[in-house]
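A.B. asks: Structure file query01.cif (mmCIF, C-alpha atoms) right here:
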data_protein
loop_
_atom_site.group_PDB
_atom_site.id
_atom_site.type_symbol
_atom_site.label_atom_id
_atom_site.label_comp_id
_atom_site.auth_asym_id
_atom_site.auth_seq_id
_atom_site.Cartn_x
_atom_site.Cartn_y
_atom_site.Cartn_z
ATOM 1 C CA MET A 1 -154.851 -180.191 -126.890
ATOM 2 C CA ARG A 2 -154.138 -176.726 -128.280
ATOM 3 C CA HIS A 3 -155.754 -173.371 -127.752
ATOM 4 C CA ARG A 4 -155.227 -169.884 -129.112
ATOM 5 C CA ASP A 5 -152.042 -169.322 -131.117
ATOM 6 C CA GLY A 6 -151.272 -173.066 -130.960
ATOM 7 C CA ARG A 7 -150.511 -172.959 -127.239
ATOM 8 C CA GLN A 8 -152.253 -174.903 -124.493
ATOM 9 C CA ARG A 9 -152.428 -172.231 -121.790
ATOM 10 C CA LEU A 10 -153.627 -174.860 -119.327
ATOM 11 C CA PRO A 11 -154.250 -173.483 -115.817
ATOM 12 C CA LEU A 12 -152.902 -175.629 -112.985
ATOM 13 C CA PRO A 13 -153.458 -175.088 -109.261
ATOM 14 C CA ALA A 14 -150.313 -173.909 -107.481
ATOM 15 C CA GLY A 15 -151.781 -173.564 -103.994
ATOM 16 C CA ILE A 16 -154.847 -172.066 -102.434
ATOM 17 C CA GLY A 17 -155.911 -169.106 -104.542
ATOM 18 C CA ARG A 18 -152.909 -169.463 -106.860
ATOM 19 C CA HIS A 19 -152.452 -170.934 -110.313
ATOM 20 C CA ARG A 20 -149.873 -171.343 -113.032
ATOM 21 C CA PHE A 21 -150.410 -171.547 -116.798
ATOM 22 C CA VAL A 22 -148.417 -174.181 -118.675
ATOM 23 C CA ASP A 23 -148.036 -174.843 -122.389
ATOM 24 C CA ASP A 24 -146.337 -178.228 -122.602
ATOM 25 C CA VAL A 25 -148.495 -180.835 -120.847
ATOM 26 C CA THR A 26 -148.564 -184.237 -122.516
ATOM 27 C CA PRO A 27 -151.630 -186.487 -122.567
ATOM 28 C CA SER A 28 -149.855 -188.954 -120.259
ATOM 29 C CA GLU A 29 -149.171 -186.154 -117.732
ATOM 30 C CA LEU A 30 -152.846 -185.177 -117.812
ATOM 31 C CA ARG A 31 -153.870 -188.802 -117.173
ATOM 32 C CA ALA A 32 -151.384 -189.114 -114.287
ATOM 33 C CA ALA A 33 -152.606 -185.862 -112.710
ATOM 34 C CA THR A 34 -156.231 -186.960 -113.017
ATOM 35 C CA ARG A 35 -155.431 -190.319 -111.437
ATOM 36 C CA LEU A 36 -153.559 -188.647 -108.551
ATOM 37 C CA SER A 37 -156.346 -186.131 -107.970
ATOM 38 C CA ARG A 38 -158.962 -188.893 -107.821
ATOM 39 C CA GLU A 39 -156.870 -190.936 -105.377
ATOM 40 C CA GLU A 40 -156.373 -187.938 -103.105
ATOM 41 C CA ALA A 41 -160.088 -187.122 -103.200
ATOM 42 C CA ARG A 42 -160.970 -190.698 -102.218
ATOM 43 C CA GLU A 43 -158.520 -190.524 -99.312
ATOM 44 C CA GLY A 44 -159.759 -187.105 -98.216
ATOM 45 C CA ARG A 45 -156.419 -185.432 -98.814
ATOM 46 C CA ALA A 46 -155.926 -181.985 -100.313
ATOM 47 C CA PRO A 47 -154.792 -182.074 -103.946
ATOM 48 C CA ALA A 48 -151.075 -181.775 -104.614
ATOM 49 C CA ALA A 49 -149.917 -178.331 -105.685
ATOM 50 C CA SER A 50 -148.007 -179.842 -108.587
ATOM 51 C CA VAL A 51 -147.426 -183.305 -109.999
ATOM 52 C CA ARG A 52 -144.838 -182.181 -112.531
ATOM 53 C CA ALA A 53 -141.157 -182.611 -111.837
ATOM 54 C CA GLY A 54 -139.438 -179.346 -111.054
ATOM 55 C CA ALA A 55 -142.621 -177.340 -110.778
#
Take the structure in this file and express it as structure tokens.
C.D. replies:
Amino acid sequence: MRHRDGRQRLPLPAGIGRHRFVDDVTPSELRAATRLSREEAREGRAPAASVRAGA
């Protein structure tokens, strides 16, 4: 997935009212984040601020 100038510029939540833009998310990372978000929603937990290592 690419956007303007060949960069993703994908916004990710980084806490309540905060976000971070990233440019290097792989399809497998997107699938893992979607899976985690769905699991947390089913369990009634707040979404994780980040699922990426080191973020």
A.B. asks: Show me, as an MDAnalysis selection string, the residues that have an atom within 9 Å of region 20-26 of chain A when counting all atoms listed in the file, minus same-chain residues fewer than 4 positions from it.
C.D. replies: chainID A and resid 1:2 7:14 30:31
A.B. asks: One number please: CA of Ile16 (chain A) to CA of Ala33 (chain A), in Å, one decimal.
C.D. replies: 17.3 Å
A.B. asks: Do you have the CA of Glu39 (chain A)-CA of Arg18 (chain A) distance handy?
C.D. replies: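 Interatomic distance, CA of Glu39 (chain A) to CA of Arg18 (chain A): 21.9 Å.
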A.B. asks: Could you give me the centre and size, in Å to one decimal, of an axis-aligned box around all listed atoms of region 38-44 of chain A with 4 Å added on every side, as lines of an AutoDock Vina configuration file?
C.D. replies:
center_x = -158.7
center_y = -189.0
center_z = -103.0
size_x = 12.6
size_y = 11.8
size_z = 17.6
